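Have a look at start.pdb below; it lists PDB, C-alpha atoms.
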ATOM      1  CA  THR A   1      12.201 -20.253  -3.451  1.00  0.00           C
ATOM      2  CA  ASN A   2      15.098 -17.841  -3.134  1.00  0.00           C
ATOM      3  CA  ASN A   3      13.541 -15.495  -5.690  1.00  0.00           C
ATOM      4  CA  PHE A   4       9.858 -15.616  -4.689  1.00  0.00           C
ATOM      5  CA  GLU A   5       8.087 -14.473  -1.545  1.00  0.00           C
ATOM      6  CA  ALA A   6       4.426 -14.197  -0.620  1.00  0.00           C
ATOM      7  CA  GLY A   7       2.555 -13.203   2.478  1.00  0.00           C
ATOM      8  CA  LEU A   8      -0.171 -11.166   4.077  1.00  0.00           C
ATOM      9  CA  ALA A   9       0.175  -7.400   4.458  1.00  0.00           C
ATOM     10  CA  GLY A  10      -1.787  -5.025   6.631  1.00  0.00           C
ATOM     11  CA  ASN A  11      -1.880  -1.309   7.205  1.00  0.00           C
ATOM     12  CA  PHE A  12      -3.596   1.198   9.437  1.00  0.00           C
ATOM     13  CA  SER A  13      -3.953   4.962   9.117  1.00  0.00           C
ATOM     14  CA  TRP A  14      -5.547   7.406  11.544  1.00  0.00           C
ATOM     15  CA  ASN A  15      -6.025  11.107  10.805  1.00  0.00           C
ATOM     16  CA  SER A  16      -7.632  13.848  12.838  1.00  0.00           C
ATOM     17  CA  SER A  17      -8.046  17.575  12.325  1.00  0.00           C
ATOM     18  CA  GLN A  18     -10.263  20.309  13.657  1.00  0.00           C
ATOM     19  CA  TYR A  19     -12.956  19.360  11.130  1.00  0.00           C
ATOM     20  CA  ILE A  20     -12.698  15.625  10.406  1.00  0.00           C
ATOM     21  CA  SER A  21     -11.324  12.376  11.779  1.00  0.00           C
ATOM     22  CA  SER A  22     -10.812   9.144   9.858  1.00  0.00           C
ATOM     23  CA  THR A  23      -9.382   5.659  10.115  1.00  0.00           C
ATOM     24  CA  ILE A  24      -8.365   3.398   7.246  1.00  0.00           C
ATOM     25  CA  PHE A  25      -7.566  -0.281   7.761  1.00  0.00           C
ATOM     26  CA  GLY A  26      -6.298  -2.471   4.900  1.00  0.00           C
ATOM     27  CA  VAL A  27      -5.442  -6.140   4.616  1.00  0.00           C
ATOM     28  CA  GLY A  28      -4.553  -8.521   1.796  1.00  0.00           C
ATOM     29  CA  PRO A  29      -2.020 -10.854   0.165  1.00  0.00           C
ATOM     30  CA  PHE A  30       1.160  -9.870  -1.659  1.00  0.00           C
ATOM     31  CA  ALA A  31       3.755 -11.585  -3.858  1.00  0.00           C
ATOM     32  CA  ASN A  32       7.225 -10.477  -4.967  1.00  0.00           C
ATOM     33  CA  TYR A  33       9.576 -12.010  -7.510  1.00  0.00           C
ATOM     34  CA  TYR A  34      13.267 -11.031  -7.553  1.00  0.00           C
ATOM     35  CA  PHE A  35      15.594 -11.081 -10.563  1.00  0.00           C
ATOM     36  CA  GLY A  36      19.270 -11.338  -9.616  1.00  0.00           C
ATOM     37  CA  ARG A  37      18.739  -9.594  -6.265  1.00  0.00           C
ATOM     38  CA  SER A  38      18.548  -6.211  -7.922  1.00  0.00           C
ATOM     39  CA  VAL A  39      15.217  -5.946  -9.785  1.00  0.00           C
ATOM     40  CA  TYR A  40      11.818  -7.115  -8.552  1.00  0.00           C
ATOM     41  CA  LEU A  41       8.184  -7.366  -9.615  1.00  0.00           C
ATOM     42  CA  THR A  42       5.452  -6.985  -7.021  1.00  0.00           C
ATOM     43  CA  SER A  43       1.713  -7.451  -6.709  1.00  0.00           C
ATOM     44  CA  GLN A  44      -0.461  -6.663  -3.739  1.00  0.00           C
ATOM     45  CA  PHE A  45      -4.204  -6.837  -3.229  1.00  0.00           C
ATOM     46  CA  GLN A  46      -5.618  -4.712  -0.406  1.00  0.00           C
ATOM     47  CA  GLN A  47      -9.163  -4.419   0.869  1.00  0.00           C
ATOM     48  CA  TYR A  48      -9.521  -1.061   2.614  1.00  0.00           C
ATOM     49  CA  PHE A  49     -12.151  -0.294   5.261  1.00  0.00           C
ATOM     50  CA  VAL A  50     -12.767   3.413   5.875  1.00  0.00           C
ATOM     51  CA  ASN A  51     -14.565   5.232   8.682  1.00  0.00           C
ATOM     52  CA  SER A  52     -14.672   9.026   8.892  1.00  0.00           C
ATOM     53  CA  LYS A  53     -16.569  11.591  10.904  1.00  0.00           C
ATOM     54  CA  ASP A  54     -17.304  15.222  10.108  1.00  0.00           C
ATOM     55  CA  LYS A  55     -16.786  16.950  13.454  1.00  0.00           C
ATOM     56  CA  ILE A  56     -18.882  19.975  12.471  1.00  0.00           C
ATOM     57  CA  SER A  57     -22.061  18.193  11.304  1.00  0.00           C
ATOM     58  CA  ASN A  58     -21.427  15.054  13.406  1.00  0.00           C
ATOM     59  CA  GLN A  59     -22.116  12.903  10.308  1.00  0.00           C
ATOM     60  CA  THR A  60     -20.247   9.631   9.794  1.00  0.00           C
ATOM     61  CA  TYR A  61     -19.172   7.996   6.546  1.00  0.00           C
ATOM     62  CA  THR A  62     -18.260   4.336   6.130  1.00  0.00           C
ATOM     63  CA  THR A  63     -17.061   2.653   2.945  1.00  0.00           C
ATOM     64  CA  ASN A  64     -14.613   0.085   1.611  1.00  0.00           C
ATOM     65  CA  GLU A  65     -12.438  -0.105  -1.470  1.00  0.00           C
ATOM     66  CA  SER A  66     -10.366  -2.755  -3.224  1.00  0.00           C
ATOM     67  CA  ALA A  67      -6.911  -2.046  -4.642  1.00  0.00           C
ATOM     68  CA  LEU A  68      -4.698  -4.230  -6.832  1.00  0.00           C
ATOM     69  CA  ASN A  69      -1.229  -2.684  -6.938  1.00  0.00           C
ATOM     70  CA  LEU A  70       1.137  -3.986  -9.641  1.00  0.00           C
ATOM     71  CA  GLY A  71       4.653  -2.759 -10.197  1.00  0.00           C
ATOM     72  CA  GLY A  72       8.303  -3.259  -9.513  1.00  0.00           C
ATOM     73  CA  GLY A  73      11.532  -1.647  -8.568  1.00  0.00           C
ATOM     74  CA  TYR A  74      15.213  -1.838  -7.809  1.00  0.00           C
ATOM     75  CA  MET A  75      17.105  -3.162  -4.764  1.00  0.00           C
ATOM     76  CA  GLN A  76      20.585  -2.105  -3.699  1.00  0.00           C
ATOM     77  CA  ASN A  77      22.604  -4.456  -1.503  1.00  0.00           C
ATOM     78  CA  LEU A  78      23.844  -2.609   1.597  1.00  0.00           C
ATOM     79  CA  GLY A  79      25.681  -5.670   2.989  1.00  0.00           C
ATOM     80  CA  ASN A  80      24.970  -8.363   5.591  1.00  0.00           C
ATOM     81  CA  GLY A  81      21.634  -9.366   4.000  1.00  0.00           C
ATOM     82  CA  ILE A  82      20.248  -5.809   4.106  1.00  0.00           C
ATOM     83  CA  TYR A  83      18.876  -4.140   0.961  1.00  0.00           C
ATOM     84  CA  MET A  84      17.505  -0.687   0.151  1.00  0.00           C
ATOM     85  CA  GLN A  85      14.416  -0.940  -2.019  1.00  0.00           C
ATOM     86  CA  PHE A  86      13.075   1.706  -4.448  1.00  0.00           C
ATOM     87  CA  GLY A  87       9.947   1.048  -6.468  1.00  0.00           C
ATOM     88  CA  ALA A  88       6.475   2.015  -7.573  1.00  0.00           C
ATOM     89  CA  THR A  89       3.128   0.381  -8.154  1.00  0.00           C
ATOM     90  CA  TYR A  90      -0.098   1.370  -9.818  1.00  0.00           C
ATOM     91  CA  ASN A  91      -3.556   0.442  -8.544  1.00  0.00           C
ATOM     92  CA  VAL A  92      -5.164  -1.065 -11.649  1.00  0.00           C
ATOM     93  CA  LEU A  93      -8.587  -0.904  -9.936  1.00  0.00           C
ATOM     94  CA  TYR A  94      -8.300   2.857  -9.313  1.00  0.00           C
ATOM     95  CA  ASP A  95     -11.376   4.854 -10.347  1.00  0.00           C
ATOM     96  CA  PRO A  96     -11.015   8.637  -9.933  1.00  0.00           C
ATOM     97  CA  LYS A  97     -14.798   9.028  -9.640  1.00  0.00           C
ATOM     98  CA  THR A  98     -15.233   6.711  -6.652  1.00  0.00           C
ATOM     99  CA  SER A  99     -11.845   6.213  -5.002  1.00  0.00           C
ATOM    100  CA  ILE A 100     -10.960   7.477  -1.550  1.00  0.00           C
ATOM    101  CA  PHE A 101      -7.391   7.984  -2.803  1.00  0.00           C
ATOM    102  CA  ASN A 102      -5.985  10.911  -4.814  1.00  0.00           C
ATOM    103  CA  GLY A 103      -4.420   8.719  -7.477  1.00  0.00           C
ATOM    104  CA  GLY A 104      -3.458   5.208  -8.488  1.00  0.00           C
ATOM    105  CA  PHE A 105       0.330   5.684  -8.478  1.00  0.00           C
ATOM    106  CA  VAL A 106       2.102   4.549  -5.275  1.00  0.00           C
ATOM    107  CA  PRO A 107       5.874   5.144  -4.900  1.00  0.00           C
ATOM    108  CA  ASN A 108       7.728   3.200  -2.205  1.00  0.00           C
ATOM    109  CA  VAL A 109      11.084   3.161  -0.460  1.00  0.00           C
ATOM    110  CA  GLY A 110      12.047   0.565   2.117  1.00  0.00           C
ATOM    111  CA  ILE A 111      14.609  -1.579   3.866  1.00  0.00           C
ATOM    112  CA  VAL A 112      14.605  -5.355   3.366  1.00  0.00           C
ATOM    113  CA  VAL A 113      16.377  -7.537   5.918  1.00  0.00           C
ATOM    114  CA  GLY A 114      17.283 -11.192   5.488  1.00  0.00           C
ATOM    115  CA  LEU A 115      16.938 -11.936   1.778  1.00  0.00           C
TER     116      LEU A 115
END
Just give me the structure of the file as structure tokens.
Amino acid sequence: TNNFEAGLAGNFSWNSSQYISSTIFGVGPFANYYFGRSVYLTSQFQQYFVNSKDKISNQTYTTNESALNLGGGYMQNLGNGIYMQFGATYNVLYDPKTSIFNGGFVPNVGIVVGL
């Protein structure tokens, strides 16, 4: 519909320093619902796959983690079907004792084209 969209999202992150290197790959479905082209609700499930290596001890670490981000935000029409998007989500599966992430809160800013 004009107010609902769903799809598959993916992400990739690579980090390297003098002491450690890591890669994080995530994939999963998302859904957004828009109210009057200015406010939206969003949900996104991501399954993350993590590989890291301690360059000093040469030890490797592999794990995975699930995240269910729920939230919403505001969209500002910039003209010609282009919108600026400001929002935030919270990972409701976040566990500070076991998570690879620093927190469950995820702010976001983006450009949407073609709504």
Worksheet item: Skipping near chain neighbours, those fewer than 4 positions away, what residues fall within 10 Å of region 31-43 of chain A using all atoms listed in the file, listed as a ChimeraX atom specification?
Response: /A:1-9,68-77,83-91,115
Discussion item. From the options A:Thr60, A:Ser16, A:Gly10, A:Glu65, which residue's atoms come nearest to Gln44 (chain A), counting only C-alpha atoms?
Written reply: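 The answer is A:Gly10, which sits nearest to Gln44 (chain A).
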Discussion item. To test your reading of the syntax: which residues would the PyMOL selection byres ((chain A and resi 22) around 8) return for the file shown? Reply as a ChimeraX atom specification.
Written reply: /A:14-16,20-21,23-24,50-53
Worksheet entry | Distance of CA of Ser13 (chain A) from CA of Val27 (chain A), expressed in Å to one decimal place |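 Interatomic distance, CA of Val27 (chain A) to CA of Ser13 (chain A): 12.1 Å.
Separating CA of Tyr61 (chain A) from CA of Pro107 (chain A) is a distance of 27.7 Å.
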Discussion item. One number please: CA of Gly114 (chain A) to CA of Leu78 (chain A), in Å, one decimal.
Written reply: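 The value is 11.5 Å.
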Could you work out an axis-aligned box for region 81-95 of chain A, taking every atom the file lists and adding 5 Å on each side, and report centre and edge lengths in Å to one decimal, as lines of an AutoDock Vina configuration file?
center_x = 5.1
center_y = -2.3
center_z = -3.8
size_x = 43.0
size_y = 24.2
size_z = 25.8
Worksheet item: In terms of the shortest atom-to-atom distance over all atoms listed in the file, which of A:Tyr19, A:Gly110, A:Phe12, A:Ser99 is closest to Gln59 (chain A)?
Response: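 Smallest distance to Gln59 (chain A) is found for A:Tyr19.
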Residues within 6 Å of Ile82 (chain A), please, as a PDB file with C-alpha atoms, in the frame of the given file. Count all atoms listed in the file; anything in the same chain fewer than 2 positions from it doesn't count.
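Generated file (result-v7.pdb):
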ATOM      1  CA  LEU A  78      23.844  -2.609   1.597  1.00  0.00           C
ATOM      2  CA  GLY A  79      25.681  -5.670   2.989  1.00  0.00           C
ATOM      3  CA  ASN A  80      24.970  -8.363   5.591  1.00  0.00           C
ATOM      4  CA  VAL A 112      14.605  -5.355   3.366  1.00  0.00           C
ATOM      5  CA  VAL A 113      16.377  -7.537   5.918  1.00  0.00           C
TER       6      VAL A 113
END
Discussion item. Here is a test: counting all atoms listed in the file, which residue of A:Gly81, A:Asn11, A:Thr63, A:Pro29 is nearest to Ile100 (chain A)?
Written reply: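 Comparing A:Gly81, A:Asn11, A:Thr63, A:Pro29 against Ile100 (chain A), the winner is A:Thr63.
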Could you model N, CA and C atoms for region 88-107 of chain A and present them as a PDB file, keeping the file's coordinate frame?
ATOM      1  N   ALA A  88       7.767   1.366  -7.382  1.00  0.00           N
ATOM      2  CA  ALA A  88       6.475   2.015  -7.573  1.00  0.00           C
ATOM      3  C   ALA A  88       5.470   0.981  -8.035  1.00  0.00           C
ATOM      4  N   THR A  89       4.223   1.224  -7.675  1.00  0.00           N
ATOM      5  CA  THR A  89       3.128   0.381  -8.154  1.00  0.00           C
ATOM      6  C   THR A  89       2.013   1.284  -8.663  1.00  0.00           C
ATOM      7  N   TYR A  90       1.102   0.665  -9.376  1.00  0.00           N
ATOM      8  CA  TYR A  90      -0.098   1.370  -9.818  1.00  0.00           C
ATOM      9  C   TYR A  90      -1.308   0.515  -9.474  1.00  0.00           C
ATOM     10  N   ASN A  91      -2.315   1.131  -8.879  1.00  0.00           N
ATOM     11  CA  ASN A  91      -3.556   0.442  -8.544  1.00  0.00           C
ATOM     12  C   ASN A  91      -4.400   0.322  -9.813  1.00  0.00           C
ATOM     13  N   VAL A  92      -4.438  -0.865 -10.390  1.00  0.00           N
ATOM     14  CA  VAL A  92      -5.164  -1.065 -11.649  1.00  0.00           C
ATOM     15  C   VAL A  92      -6.680  -1.019 -11.459  1.00  0.00           C
ATOM     16  N   LEU A  93      -7.153  -1.028 -10.221  1.00  0.00           N
ATOM     17  CA  LEU A  93      -8.587  -0.904  -9.936  1.00  0.00           C
ATOM     18  C   LEU A  93      -8.991   0.539  -9.611  1.00  0.00           C
ATOM     19  N   TYR A  94      -8.032   1.469  -9.673  1.00  0.00           N
ATOM     20  CA  TYR A  94      -8.300   2.857  -9.313  1.00  0.00           C
ATOM     21  C   TYR A  94      -9.336   3.487 -10.235  1.00  0.00           C
ATOM     22  N   ASP A  95     -10.339   4.127  -9.618  1.00  0.00           N
ATOM     23  CA  ASP A  95     -11.376   4.854 -10.347  1.00  0.00           C
ATOM     24  C   ASP A  95     -11.453   6.258  -9.751  1.00  0.00           C
ATOM     25  N   PRO A  96     -11.042   7.281 -10.492  1.00  0.00           N
ATOM     26  CA  PRO A  96     -11.015   8.637  -9.933  1.00  0.00           C
ATOM     27  C   PRO A  96     -12.389   9.154  -9.490  1.00  0.00           C
ATOM     28  N   LYS A  97     -13.450   8.574  -9.994  1.00  0.00           N
ATOM     29  CA  LYS A  97     -14.798   9.028  -9.640  1.00  0.00           C
ATOM     30  C   LYS A  97     -15.259   8.492  -8.292  1.00  0.00           C
ATOM     31  N   THR A  98     -14.731   7.337  -7.870  1.00  0.00           N
ATOM     32  CA  THR A  98     -15.233   6.711  -6.652  1.00  0.00           C
ATOM     33  C   THR A  98     -14.166   6.442  -5.587  1.00  0.00           C
ATOM     34  N   SER A  99     -12.911   6.590  -5.923  1.00  0.00           N
ATOM     35  CA  SER A  99     -11.845   6.213  -5.002  1.00  0.00           C
ATOM     36  C   SER A  99     -11.697   7.186  -3.833  1.00  0.00           C
ATOM     37  N   ILE A 100     -11.274   6.649  -2.708  1.00  0.00           N
ATOM     38  CA  ILE A 100     -10.960   7.477  -1.550  1.00  0.00           C
ATOM     39  C   ILE A 100      -9.548   8.054  -1.663  1.00  0.00           C
ATOM     40  N   PHE A 101      -8.770   7.560  -2.622  1.00  0.00           N
ATOM     41  CA  PHE A 101      -7.391   7.984  -2.803  1.00  0.00           C
ATOM     42  C   PHE A 101      -7.280   9.040  -3.900  1.00  0.00           C
ATOM     43  N   ASN A 102      -6.199   9.835  -3.844  1.00  0.00           N
ATOM     44  CA  ASN A 102      -5.985  10.911  -4.814  1.00  0.00           C
ATOM     45  C   ASN A 102      -5.513  10.424  -6.165  1.00  0.00           C
ATOM     46  N   GLY A 103      -4.928   9.236  -6.219  1.00  0.00           N
ATOM     47  CA  GLY A 103      -4.420   8.719  -7.477  1.00  0.00           C
ATOM     48  C   GLY A 103      -4.087   7.242  -7.354  1.00  0.00           C
ATOM     49  N   GLY A 104      -3.768   6.624  -8.485  1.00  0.00           N
ATOM     50  CA  GLY A 104      -3.458   5.208  -8.488  1.00  0.00           C
ATOM     51  C   GLY A 104      -1.981   4.891  -8.354  1.00  0.00           C
ATOM     52  N   PHE A 105      -1.119   5.877  -8.534  1.00  0.00           N
ATOM     53  CA  PHE A 105       0.330   5.684  -8.478  1.00  0.00           C
ATOM     54  C   PHE A 105       0.798   5.684  -7.025  1.00  0.00           C
ATOM     55  N   VAL A 106       1.608   4.665  -6.648  1.00  0.00           N
ATOM     56  CA  VAL A 106       2.102   4.549  -5.275  1.00  0.00           C
ATOM     57  C   VAL A 106       3.616   4.320  -5.299  1.00  0.00           C
ATOM     58  N   PRO A 107       4.420   5.354  -5.007  1.00  0.00           N
ATOM     59  CA  PRO A 107       5.874   5.144  -4.900  1.00  0.00           C
ATOM     60  C   PRO A 107       6.200   4.498  -3.562  1.00  0.00           C
TER      61      PRO A 107
END
